[in-house]
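What follows is a single structure, written as C-alpha cells, with notes after it.
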Amino acid sequence: MSRAAALALLLAAAPAAAGSVKLFAFDAKGKPLDGEALSKRLARADEKDPAAASLPLWAFPLDEKSPPQRLKLAQQGKLLVASWDKGERVRLELVWPVAEDGYNAVVADKGGEGFGDGEAVFLNEELASTQYRLFREAWKRRTTDYSPLYKPGDKSKALAEEAKDAMADAARQKEAPERAKGFEAALTKIALAWEKMLFEHGLQLALDERRAKDLRFGLTIDESLLKRMDDVEWVAEAARRSGSNWVRLVFRPNGPDFLYKRLPSFNEYDAVVDELKKNGLKVMGCALDTAQWPKTLTPELYAERVKNLALHYKGRVDAWEVGSELNGDWLGGAAAPLSLDEVFKIYAAGASKVKELLPDAEVVATLYAWEQTAPDREHSLSGWLKTYAPRGFGKDLDAVGLSVWPEDNPAGMGFERHFETLADALPRQRHLLSSLGYVEGEEVAGYWWLDPKDVDGGRKDLLILYTTASCAFRSSVCGGFWWQTLDQMLPPGRQKATDLYKVYRRTLEQLGRRE
C-alpha cells in the first residue's frame, strides 16, 4: 500500500471516538501489522494472548490538562484505530523492539506538535523521527551545557552520521512498507548512537577528577548470604576486588523479631558488616526490601524497626535506604497491596526517624523505573512523583535512586528520560542507579535485550551500559547495585566468581576504580 492510498483509506473512515488516530504500523521487514500483531509486538514474551486494555501504549495530552491514558486499539476493516477519551492533541509513548539492540521506551510526537483527532500515524516513521530529534537535542545539551562538556569520540561521531544517513535514506522511499523498513533501520542506528553517547559521556564524567571522589559503585548483598555464612569473607573481598566502594546490604524481614528489638537478631549482620568495613567498603543498609513489606505494616512499626537498625549500626552503616521501589504495586502483598498513600506514610515515618536520631546519616529512597509498562499512571515514575513530590517526598531525603529491570520495563533510549524525570522533580537530591537486574532465571519471560535467546549476553551488555551511563547525568553519583549478585556473580558452592562478575570488574576498572 502506498502512503497516498493509506491516506485515502483514512479519509473514508469516521473518527472512532472523541480522540482517535489511524495507525499504520509495520514490522522490521515491512509487513503491515493489524491490531493482533501490533498487540503481540508490544506485549511481554510470556503474554501469549495480550489484553488490549493493558498494553504499554499511552496517549499523553500535550497541554497536561488531562492525565495520560492508555490507548484503545480497534480493528475497523483494514484500518487500525487507536482512541482516547478526549480530543486533546497527544504524544504517544510505548515500548518497541529495536533490531540489534532490544526493547526500548520510545515516543512519537509529530515534531512536538502531537497528534489530533482523525490524523494518520505512520508509527515506524514517527517513532524514528521523534527519537532522532530527541537524540540530537540530548547531543546538543551535552556538548554545550554540561560540565565537563561531552567530547564525542570518532566512534560516536560515526554512529551519529550513520543515524542521519539512515533517516535520509528512509525519507527517500515512496511506498509505505519500504519507508517503514527504512525507518526501522534508522531507529536501530539512533538507539546505538544514543547509547554510545551516554556510555562515552558517562565514562568521561566518571574519570573527571572533580567528581570522582563523590561517585559510588556497588553490588547488592541480599539476605540469602545469611544461609551461607562461610562465604562472608570471600563475598566481602570479592566486592572490594571488583572495584566497588559501596555495598547495598538488604536486611531480612526477621519474622520472630521484625522490629529488631533483641540483640541476637543482629548476630549474622554484625559479622557481615564487620567484613565489609574491614575491606574498606561503605554500606547502604536497605531497611526492608520492597517484596517483603507485610500487609500489617504501619508507620509506627516501621519507624521502630528503622530506629533499632540505625542505632545499632550507628557509625558503621553509612546510608539508610528506607524506601525501596515505593511506587511498586506489590508492597504489602501483590494480591492486596497497601495503597500508595499508606506506603508513603510508612516510608516518611522511617525517613523522619533516621534524620531525628542521626542527622548526619544519609537517607536514600528508591523508585521503580517504569512508565509505559506501569499498571496505571499513579504507580508510574512520573505519575508518582507528580503526586508525592509536592506532598513532601524529598524531605529528609539526601539521595534518590532508580530501580531498573529492562526485561519488565524497557529503558534503552528512555534511560535518559528516567533520570531527567527524577532531576526535574527532586533537583536538590543526589541521584543514582540503586538497583539493576536482568532475568532471574535462564529464559526471558518479559522483554528481551540484544537477543531473546542470549540471556547471558544481555546481562553483560546491560551491566556495562547502565553502570557507565548512570554516571552521565548532572546530579548523578553513578550506582549499579546489581540485584542478583549472590546468584549470578558470586554463587554458592566453590567460591568462584562468574564471567558476569569479571565483566563488572573490568567495567569499574575502565571507570577508574581499582581495588
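By order in the C-alpha cells, chains are A, B, ...; within a chain, residues start at 1; ligands start at 1, following the order shown.
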
Sorted by chain and rising residue number, which residues of stretch 397-489 of chain A lie within 12 Å of stretch 324-341 of chain A, and what are their closest atom pairs and distances in Å to one decimal, counting only C-alpha atoms, as CSV?
residue,atom,partner,partner_atom,distance
A:Val400,CA,A:Ser324,CA,10.0
A:Gly401,CA,A:Glu325,CA,9.0
A:Leu402,CA,A:Glu325,CA,8.0
A:Ser403,CA,A:Glu325,CA,6.8
A:Val404,CA,A:Glu325,CA,10.0
A:Trp405,CA,A:Glu325,CA,11.5
A:Ser434,CA,A:Ser324,CA,9.5
A:Ser435,CA,A:Glu325,CA,9.4
A:Leu436,CA,A:Glu325,CA,11.9

Exercise for review: Show which residues sit within 10 Å of A:Thr467, as a PyMOL selection string. Count only C-alpha atoms, and ignore same-chain residues fewer than 6 positions away.
Suggested key: chain A and resi 199+202-203+217-218+432-433+436+461+478-482+504+507-508+511

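Counting only C-alpha atoms and comparing A:Asn254, A:Gln488, A:Asn308, A:Ser20, the residue that lies closest to A:Arg459 is A:Gln488.
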
Exercise for review: Could you give me the residues within stretch 123-324 of chain A that DSSP places in helix (DSSP H, G or I), as a ChimeraX atom specification?
Suggested key: /A:123-144,154-171,176-206,209-212,223-227,229-241,255-257,263-278,290-292,299-312

If you run DSSP on the backbone, which residues of stretch 171-284 of chain A are strand (DSSP E or B), as a PDB file with N, CA and C atoms, in the first residue's frame?
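part.pdb, written as the output of this step:
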ATOM      1  N   GLU A 175       6.931   4.029  -1.128  1.00  0.00           N
ATOM      2  CA  GLU A 175       5.889   3.115  -0.665  1.00  0.00           C
ATOM      3  C   GLU A 175       5.948   2.960   0.855  1.00  0.00           C
ATOM      4  N   ARG A 216      29.873   6.607  43.486  1.00  0.00           N
ATOM      5  CA  ARG A 216      29.750   5.325  44.166  1.00  0.00           C
ATOM      6  C   ARG A 216      29.386   4.236  43.166  1.00  0.00           C
ATOM      7  N   PHE A 217      30.036   3.117  43.338  1.00  0.00           N
ATOM      8  CA  PHE A 217      29.758   1.927  42.535  1.00  0.00           C
ATOM      9  C   PHE A 217      29.609   0.768  43.505  1.00  0.00           C
ATOM     10  N   GLY A 218      28.602  -0.058  43.291  1.00  0.00           N
ATOM     11  CA  GLY A 218      28.403  -1.095  44.288  1.00  0.00           C
ATOM     12  C   GLY A 218      27.644  -2.299  43.804  1.00  0.00           C
ATOM     13  N   LEU A 219      27.588  -3.282  44.684  1.00  0.00           N
ATOM     14  CA  LEU A 219      26.864  -4.528  44.471  1.00  0.00           C
ATOM     15  C   LEU A 219      25.827  -4.685  45.581  1.00  0.00           C
ATOM     16  N   THR A 220      24.810  -5.474  45.306  1.00  0.00           N
ATOM     17  CA  THR A 220      23.777  -5.748  46.312  1.00  0.00           C
ATOM     18  C   THR A 220      24.033  -7.099  46.968  1.00  0.00           C
ATOM     19  N   ILE A 221      23.989  -7.110  48.289  1.00  0.00           N
ATOM     20  CA  ILE A 221      24.058  -8.357  49.054  1.00  0.00           C
ATOM     21  C   ILE A 221      22.713  -8.542  49.731  1.00  0.00           C
ATOM     22  N   TRP A 246      30.993   0.748  47.488  1.00  0.00           N
ATOM     23  CA  TRP A 246      29.790   0.630  48.305  1.00  0.00           C
ATOM     24  C   TRP A 246      29.214  -0.774  48.172  1.00  0.00           C
ATOM     25  N   VAL A 247      28.447  -1.189  49.173  1.00  0.00           N
ATOM     26  CA  VAL A 247      27.627  -2.396  49.107  1.00  0.00           C
ATOM     27  C   VAL A 247      26.242  -2.039  49.622  1.00  0.00           C
ATOM     28  N   ARG A 248      25.246  -2.496  48.895  1.00  0.00           N
ATOM     29  CA  ARG A 248      23.859  -2.337  49.347  1.00  0.00           C
ATOM     30  C   ARG A 248      23.488  -3.615  50.099  1.00  0.00           C
ATOM     31  N   LEU A 249      23.287  -3.502  51.397  1.00  0.00           N
ATOM     32  CA  LEU A 249      23.044  -4.651  52.273  1.00  0.00           C
ATOM     33  C   LEU A 249      21.564  -4.691  52.650  1.00  0.00           C
ATOM     34  N   VAL A 250      20.897  -5.760  52.248  1.00  0.00           N
ATOM     35  CA  VAL A 250      19.452  -5.884  52.462  1.00  0.00           C
ATOM     36  C   VAL A 250      19.186  -6.648  53.763  1.00  0.00           C
ATOM     37  N   LYS A 282      31.882   1.116  51.977  1.00  0.00           N
ATOM     38  CA  LYS A 282      30.775   1.808  52.618  1.00  0.00           C
ATOM     39  C   LYS A 282      29.519   0.957  52.458  1.00  0.00           C
ATOM     40  N   VAL A 283      28.608   1.109  53.410  1.00  0.00           N
ATOM     41  CA  VAL A 283      27.422   0.262  53.436  1.00  0.00           C
ATOM     42  C   VAL A 283      26.156   1.113  53.353  1.00  0.00           C
ATOM     43  N   MET A 284      25.301   0.759  52.404  1.00  0.00           N
ATOM     44  CA  MET A 284      23.952   1.321  52.341  1.00  0.00           C
ATOM     45  C   MET A 284      22.994   0.239  52.814  1.00  0.00           C
TER      46      MET A 284
END

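For the set A:Val90, A:His431, A:Lys227, A:Ala53, the residue with the smallest atom-to-atom gap to A:Lys72 is A:Ala53, counting only C-alpha atoms.
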
Contacts of stretch 34-41 of chain A within 9 Å, only C-alpha atoms, excl. fewer than 3 positions in-chain, as a PDB file with N, CA, C and O atoms, in the first residue's frame:
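New file selection-v1.pdb:
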ATOM      1  N   PHE A  24      -0.786   3.120  11.166  1.00  0.00           N
ATOM      2  CA  PHE A  24      -0.210   2.294  10.120  1.00  0.00           C
ATOM      3  C   PHE A  24       1.155   1.855  10.624  1.00  0.00           C
ATOM      4  O   PHE A  24       2.092   2.655  10.717  1.00  0.00           O
ATOM      5  N   ALA A  25       1.236   0.594  11.015  1.00  0.00           N
ATOM      6  CA  ALA A  25       2.459   0.070  11.618  1.00  0.00           C
ATOM      7  C   ALA A  25       2.919  -1.157  10.842  1.00  0.00           C
ATOM      8  O   ALA A  25       2.104  -1.927  10.325  1.00  0.00           O
ATOM      9  N   PHE A  26       4.227  -1.347  10.789  1.00  0.00           N
ATOM     10  CA  PHE A  26       4.830  -2.439  10.034  1.00  0.00           C
ATOM     11  C   PHE A  26       5.918  -3.075  10.895  1.00  0.00           C
ATOM     12  O   PHE A  26       6.497  -2.427  11.773  1.00  0.00           O
ATOM     13  N   ASP A  27       6.204  -4.343  10.597  1.00  0.00           N
ATOM     14  CA  ASP A  27       7.325  -4.964  11.280  1.00  0.00           C
ATOM     15  C   ASP A  27       8.626  -4.594  10.573  1.00  0.00           C
ATOM     16  O   ASP A  27       8.630  -3.804   9.611  1.00  0.00           O
ATOM     17  N   ARG A  44       4.759  -8.471  26.494  1.00  0.00           N
ATOM     18  CA  ARG A  44       5.839  -9.312  27.010  1.00  0.00           C
ATOM     19  C   ARG A  44       5.830 -10.667  26.311  1.00  0.00           C
ATOM     20  O   ARG A  44       4.800 -11.123  25.801  1.00  0.00           O
ATOM     21  N   ALA A  45       6.981 -11.325  26.354  1.00  0.00           N
ATOM     22  CA  ALA A  45       7.105 -12.630  25.721  1.00  0.00           C
ATOM     23  C   ALA A  45       6.198 -13.673  26.369  1.00  0.00           C
ATOM     24  O   ALA A  45       5.740 -14.607  25.708  1.00  0.00           O
ATOM     25  N   GLU A  47       3.231 -13.168  27.543  1.00  0.00           N
ATOM     26  CA  GLU A  47       1.820 -12.860  27.317  1.00  0.00           C
ATOM     27  C   GLU A  47       1.421 -13.383  25.947  1.00  0.00           C
ATOM     28  O   GLU A  47       1.566 -12.693  24.938  1.00  0.00           O
ATOM     29  N   LYS A  48       0.926 -14.596  25.890  1.00  0.00           N
ATOM     30  CA  LYS A  48       0.590 -15.226  24.618  1.00  0.00           C
ATOM     31  C   LYS A  48      -0.656 -14.609  24.002  1.00  0.00           C
ATOM     32  O   LYS A  48      -0.814 -14.570  22.782  1.00  0.00           O
ATOM     33  N   ASP A  49      -1.560 -14.147  24.836  1.00  0.00           N
ATOM     34  CA  ASP A  49      -2.792 -13.514  24.363  1.00  0.00           C
ATOM     35  C   ASP A  49      -2.951 -12.183  25.089  1.00  0.00           C
ATOM     36  O   ASP A  49      -3.771 -12.050  26.002  1.00  0.00           O
ATOM     37  N   PRO A  50      -2.154 -11.173  24.720  1.00  0.00           N
ATOM     38  CA  PRO A  50      -2.134  -9.917  25.479  1.00  0.00           C
ATOM     39  C   PRO A  50      -3.480  -9.204  25.474  1.00  0.00           C
ATOM     40  O   PRO A  50      -4.174  -9.158  24.456  1.00  0.00           O
ATOM     41  N   ALA A  51      -3.829  -8.676  26.622  1.00  0.00           N
ATOM     42  CA  ALA A  51      -5.076  -7.931  26.755  1.00  0.00           C
ATOM     43  C   ALA A  51      -4.888  -6.515  26.227  1.00  0.00           C
ATOM     44  O   ALA A  51      -3.954  -5.811  26.626  1.00  0.00           O
ATOM     45  N   ALA A  52      -5.764  -6.098  25.339  1.00  0.00           N
ATOM     46  CA  ALA A  52      -5.648  -4.758  24.751  1.00  0.00           C
ATOM     47  C   ALA A  52      -5.733  -3.669  25.812  1.00  0.00           C
ATOM     48  O   ALA A  52      -5.153  -2.592  25.668  1.00  0.00           O
ATOM     49  N   LEU A  55      -2.013  -2.879  27.353  1.00  0.00           N
ATOM     50  CA  LEU A  55      -0.832  -2.719  26.513  1.00  0.00           C
ATOM     51  C   LEU A  55      -0.038  -1.483  26.926  1.00  0.00           C
ATOM     52  O   LEU A  55      -0.618  -0.462  27.341  1.00  0.00           O
ATOM     53  N   LEU A  73      -7.155   0.073  21.170  1.00  0.00           N
ATOM     54  CA  LEU A  73      -6.973  -0.362  19.793  1.00  0.00           C
ATOM     55  C   LEU A  73      -8.241  -1.043  19.293  1.00  0.00           C
ATOM     56  O   LEU A  73      -8.852  -1.841  20.010  1.00  0.00           O
ATOM     57  N   ALA A  74      -8.618  -0.734  18.053  1.00  0.00           N
ATOM     58  CA  ALA A  74      -9.773  -1.382  17.439  1.00  0.00           C
ATOM     59  C   ALA A  74      -9.504  -1.565  15.953  1.00  0.00           C
ATOM     60  O   ALA A  74      -9.013  -0.632  15.280  1.00  0.00           O
ATOM     61  N   GLN A  75      -9.815  -2.729  15.454  1.00  0.00           N
ATOM     62  CA  GLN A  75      -9.668  -3.012  14.028  1.00  0.00           C
ATOM     63  C   GLN A  75     -10.989  -2.694  13.331  1.00  0.00           C
ATOM     64  O   GLN A  75     -12.037  -3.249  13.655  1.00  0.00           O
ATOM     65  N   LYS A  78      -9.779  -2.808   7.337  1.00  0.00           N
ATOM     66  CA  LYS A  78      -8.333  -2.784   7.135  1.00  0.00           C
ATOM     67  C   LYS A  78      -7.653  -1.718   7.982  1.00  0.00           C
ATOM     68  O   LYS A  78      -6.422  -1.655   8.022  1.00  0.00           O
ATOM     69  N   LEU A  79      -8.447  -0.883   8.618  1.00  0.00           N
ATOM     70  CA  LEU A  79      -7.876   0.197   9.418  1.00  0.00           C
ATOM     71  C   LEU A  79      -7.696  -0.221  10.869  1.00  0.00           C
ATOM     72  O   LEU A  79      -8.560  -0.890  11.449  1.00  0.00           O
ATOM     73  N   LEU A  80      -6.578   0.210  11.461  1.00  0.00           N
ATOM     74  CA  LEU A  80      -6.331   0.034  12.878  1.00  0.00           C
ATOM     75  C   LEU A  80      -6.482   1.388  13.547  1.00  0.00           C
ATOM     76  O   LEU A  80      -5.766   2.341  13.205  1.00  0.00           O
ATOM     77  N   VAL A  81      -7.422   1.493  14.457  1.00  0.00           N
ATOM     78  CA  VAL A  81      -7.747   2.766  15.108  1.00  0.00           C
ATOM     79  C   VAL A  81      -7.292   2.724  16.560  1.00  0.00           C
ATOM     80  O   VAL A  81      -7.543   1.751  17.277  1.00  0.00           O
ATOM     81  N   VAL A  95       6.531   0.933  24.239  1.00  0.00           N
ATOM     82  CA  VAL A  95       7.780   0.174  24.135  1.00  0.00           C
ATOM     83  C   VAL A  95       7.816  -0.452  22.748  1.00  0.00           C
ATOM     84  O   VAL A  95       6.777  -0.782  22.174  1.00  0.00           O
ATOM     85  N   TRP A  96       9.048  -0.627  22.218  1.00  0.00           N
ATOM     86  CA  TRP A  96       9.185  -1.055  20.830  1.00  0.00           C
ATOM     87  C   TRP A  96      10.470  -1.856  20.656  1.00  0.00           C
ATOM     88  O   TRP A  96      11.519  -1.447  21.177  1.00  0.00           O
ATOM     89  N   PRO A  97      10.421  -2.983  19.948  1.00  0.00           N
ATOM     90  CA  PRO A  97      11.640  -3.757  19.718  1.00  0.00           C
ATOM     91  C   PRO A  97      12.513  -3.096  18.659  1.00  0.00           C
ATOM     92  O   PRO A  97      12.044  -2.757  17.572  1.00  0.00           O
TER      93      PRO A  97
END

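Take atom CA of A:Trp234 and atom CA of A:Asp318: the distance between them is 21.6 Å.
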
Closest atom pairs, residues of stretch 128-237 of chain A within 12 Å of stretch 440-457 of chain A, only C-alpha atoms, as CSV:
residue,atom,partner,partner_atom,distance
A:Thr188,CA,A:Leu450,CA,11.5
A:Ala191,CA,A:Leu450,CA,12.0
A:Leu192,CA,A:Leu450,CA,11.4

Could you write out the selected residues, including all heavy atoms, as a tab-separated table (two decimals), in the first residue's frame?
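Once written, result_0.tsv looks like this:
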chain	number	residue	atom	x	y	z
A	188	THR	N	17.35	1.67	14.70
A	188	THR	CA	18.49	0.92	15.24
A	188	THR	C	19.72	1.82	15.33
A	188	THR	O	20.43	1.84	16.35
A	188	THR	CB	18.80	-0.30	14.35
A	188	THR	OG1	17.72	-1.23	14.45
A	188	THR	CG2	20.09	-0.98	14.79
A	191	ALA	N	19.31	4.30	18.22
A	191	ALA	CA	19.48	3.69	19.54
A	191	ALA	C	20.95	3.44	19.84
A	191	ALA	O	21.43	3.74	20.95
A	191	ALA	CB	18.70	2.37	19.60
A	192	LEU	N	21.69	2.91	18.87
A	192	LEU	CA	23.10	2.62	19.10
A	192	LEU	C	23.89	3.91	19.31
A	192	LEU	O	24.80	3.96	20.15
A	192	LEU	CB	23.66	1.83	17.91
A	192	LEU	CG	23.04	0.44	17.69
A	192	LEU	CD1	23.65	-0.22	16.46
A	192	LEU	CD2	23.23	-0.45	18.92

Would you pick out the contacts of A:Gln372 at 8 Å or less, using only C-alpha atoms, so that residues sharing its chain but fewer than 6 positions from it are not included, and give the list as a compact mmCIF listing (two decimals) with all heavy atoms, in the first residue's frame?
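And here is the file that came out, part-v2.txt:
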# COMPACT_ATOMS: atom_id res chain seq x y z
N PRO A 56 1.29 -1.53 26.81
CA PRO A 56 2.13 -0.35 27.12
C PRO A 56 2.10 0.66 25.99
O PRO A 56 3.10 0.92 25.32
CB PRO A 56 3.52 -0.97 27.31
CG PRO A 56 3.51 -2.17 26.42
CD PRO A 56 2.11 -2.71 26.46
N LEU A 57 0.95 1.25 25.77
CA LEU A 57 0.71 2.20 24.67
C LEU A 57 -0.18 3.31 25.22
O LEU A 57 -1.36 3.09 25.49
CB LEU A 57 0.04 1.48 23.50
CG LEU A 57 -0.38 2.31 22.29
CD1 LEU A 57 0.83 2.99 21.66
CD2 LEU A 57 -1.10 1.44 21.26
N TRP A 58 0.40 4.50 25.36
CA TRP A 58 -0.27 5.58 26.08
C TRP A 58 -0.38 6.85 25.25
O TRP A 58 0.48 7.14 24.41
CB TRP A 58 0.50 5.92 27.37
CG TRP A 58 0.50 4.83 28.38
CD1 TRP A 58 1.31 3.73 28.39
CD2 TRP A 58 -0.35 4.73 29.52
NE1 TRP A 58 1.02 2.94 29.48
CE2 TRP A 58 0.01 3.52 30.20
CE3 TRP A 58 -1.36 5.51 30.04
CZ2 TRP A 58 -0.63 3.12 31.36
CZ3 TRP A 58 -2.00 5.11 31.21
CH2 TRP A 58 -1.62 3.92 31.86
N GLU A 93 3.43 7.28 23.78
CA GLU A 93 4.55 6.65 24.46
C GLU A 93 4.29 5.15 24.51
O GLU A 93 3.19 4.71 24.87
CB GLU A 93 4.74 7.21 25.87
CG GLU A 93 5.15 8.68 25.88
CD GLU A 93 5.78 9.12 27.19
OE1 GLU A 93 6.06 8.24 28.04
OE2 GLU A 93 5.99 10.33 27.37
N LEU A 94 5.32 4.37 24.20
CA LEU A 94 5.17 2.92 24.11
C LEU A 94 6.53 2.25 24.22
O LEU A 94 7.56 2.93 24.31
CB LEU A 94 4.50 2.54 22.79
CG LEU A 94 5.20 2.98 21.49
CD1 LEU A 94 4.88 2.00 20.36
CD2 LEU A 94 4.71 4.38 21.07
N VAL A 95 6.53 0.93 24.24
CA VAL A 95 7.78 0.17 24.13
C VAL A 95 7.82 -0.45 22.75
O VAL A 95 6.78 -0.78 22.17
CB VAL A 95 7.91 -0.90 25.24
CG1 VAL A 95 7.91 -0.25 26.61
CG2 VAL A 95 6.83 -1.95 25.14
N ALA A 105 12.02 2.10 25.44
CA ALA A 105 10.93 3.02 25.72
C ALA A 105 11.05 4.19 24.74
O ALA A 105 12.08 4.86 24.70
CB ALA A 105 11.03 3.52 27.16
N SER A 380 3.26 4.90 38.01
CA SER A 380 4.38 5.17 37.12
C SER A 380 5.36 6.13 37.78
O SER A 380 5.01 6.86 38.72
CB SER A 380 3.89 5.78 35.80
OG SER A 380 3.41 7.11 36.01
N ASN A 409 10.55 -3.67 32.32
CA ASN A 409 10.27 -2.28 31.97
C ASN A 409 11.40 -1.74 31.09
O ASN A 409 12.38 -1.21 31.61
CB ASN A 409 10.15 -1.43 33.24
CG ASN A 409 9.27 -2.09 34.28
OD1 ASN A 409 8.07 -2.19 34.10
ND2 ASN A 409 9.88 -2.59 35.36

**Study point:** Of the listed residues A:Ala497, A:Val107, A:Met489, A:Val322, that which approaches A:Val364 most closely, counting only C-alpha atoms
**Key:**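 Result for the nearest residue to A:Val364: A:Val322.
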
Check your understanding: Counting only C-alpha atoms, what is within 7 Å of A:Arg91, bar same-chain residues fewer than 4 positions away, as JSON, numbers by chain?
Key -> {"A": [59, 60, 61, 62, 108, 109, 114, 115]}

Just write the chosen residues, C-alpha atoms, as a CSV table (one decimal), in the first residue's frame.
chain,number,residue,atom,x,y,z
A,59,ALA,CA,-1.6,9.0,25.0
A,60,PHE,CA,-0.1,11.9,26.8
A,61,PRO,CA,-2.0,15.2,26.4
A,62,LEU,CA,0.4,17.9,25.3
A,108,ALA,CA,6.2,9.7,18.9
A,109,ASP,CA,5.1,13.3,18.9
A,114,GLY,CA,1.3,15.9,18.8
A,115,PHE,CA,-1.5,14.1,17.1

Check your understanding: Between A:Glu178, A:Glu416, A:Glu88, A:Glu407, which one has atoms that come closest to A:Thr373, using only C-alpha atoms?
Key ->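 For A:Thr373, the nearest of the given residues is A:Glu407.
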
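Of the listed residues A:Ser83, A:Leu486, A:Tyr368, A:Arg391, the one whose atoms come nearest to A:Ala411 is A:Tyr368, with distances taken using only C-alpha atoms.
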
Mind checking which residues fall within 9 Å of A:Met197, counting only C-alpha atoms, ignoring those fewer than 3 positions away in the same chain, and posting them as a short mmCIF file (atom, residue, chain, number, x, y, z; two decimals) with C-alpha atoms, in the first residue's frame?
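Saved the output as around.cif:
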data_model
loop_
_atom_site.label_atom_id
_atom_site.label_comp_id
_atom_site.auth_asym_id
_atom_site.auth_seq_id
_atom_site.Cartn_x
_atom_site.Cartn_y
_atom_site.Cartn_z
CA TRP A 139 23.70 15.60 22.00
CA TYR A 150 30.80 15.93 26.29
CA PRO A 152 32.35 12.90 21.20
CA GLY A 153 34.87 10.33 20.03
CA SER A 156 30.22 8.29 18.44
CA LEU A 192 23.10 2.62 19.10
CA ALA A 193 24.25 6.23 18.71
CA TRP A 194 22.31 7.36 21.80
CA GLU A 200 31.06 7.73 26.42
CA HIS A 201 29.91 10.79 28.36
CA GLY A 202 29.38 8.66 31.48
CA ALA A 469 25.62 5.53 31.54
#

Practice item. Have a look at A:Val343, A:Ala120, A:Ala168, A:Ala472 and name the one nearest to A:Glu420; count only C-alpha atoms. Key: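 Smallest separation from A:Glu420 among the options: A:Ala472.
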
What's around A:Asp231 at 8 Å? Count only C-alpha atoms, leave out sequence neighbours fewer than 5 positions away in its own chain, and write the answer as an mmCIF file with N, CA and C atoms, in the first residue's frame.
data_model
loop_
_atom_site.group_PDB
_atom_site.id
_atom_site.type_symbol
_atom_site.label_atom_id
_atom_site.label_comp_id
_atom_site.auth_asym_id
_atom_site.auth_seq_id
_atom_site.Cartn_x
_atom_site.Cartn_y
_atom_site.Cartn_z
ATOM 1 N N LEU A 225 22.661 -14.330 51.802
ATOM 2 C CA LEU A 225 24.011 -14.538 52.328
ATOM 3 C C LEU A 225 23.975 -15.168 53.713
ATOM 4 N N PRO A 492 26.911 -19.690 45.325
ATOM 5 C CA PRO A 492 27.412 -20.614 46.357
ATOM 6 C C PRO A 492 28.030 -21.850 45.718
ATOM 7 N N GLN A 495 33.169 -20.947 45.765
ATOM 8 C CA GLN A 495 33.834 -19.654 45.948
ATOM 9 C C GLN A 495 34.597 -19.262 44.680
#
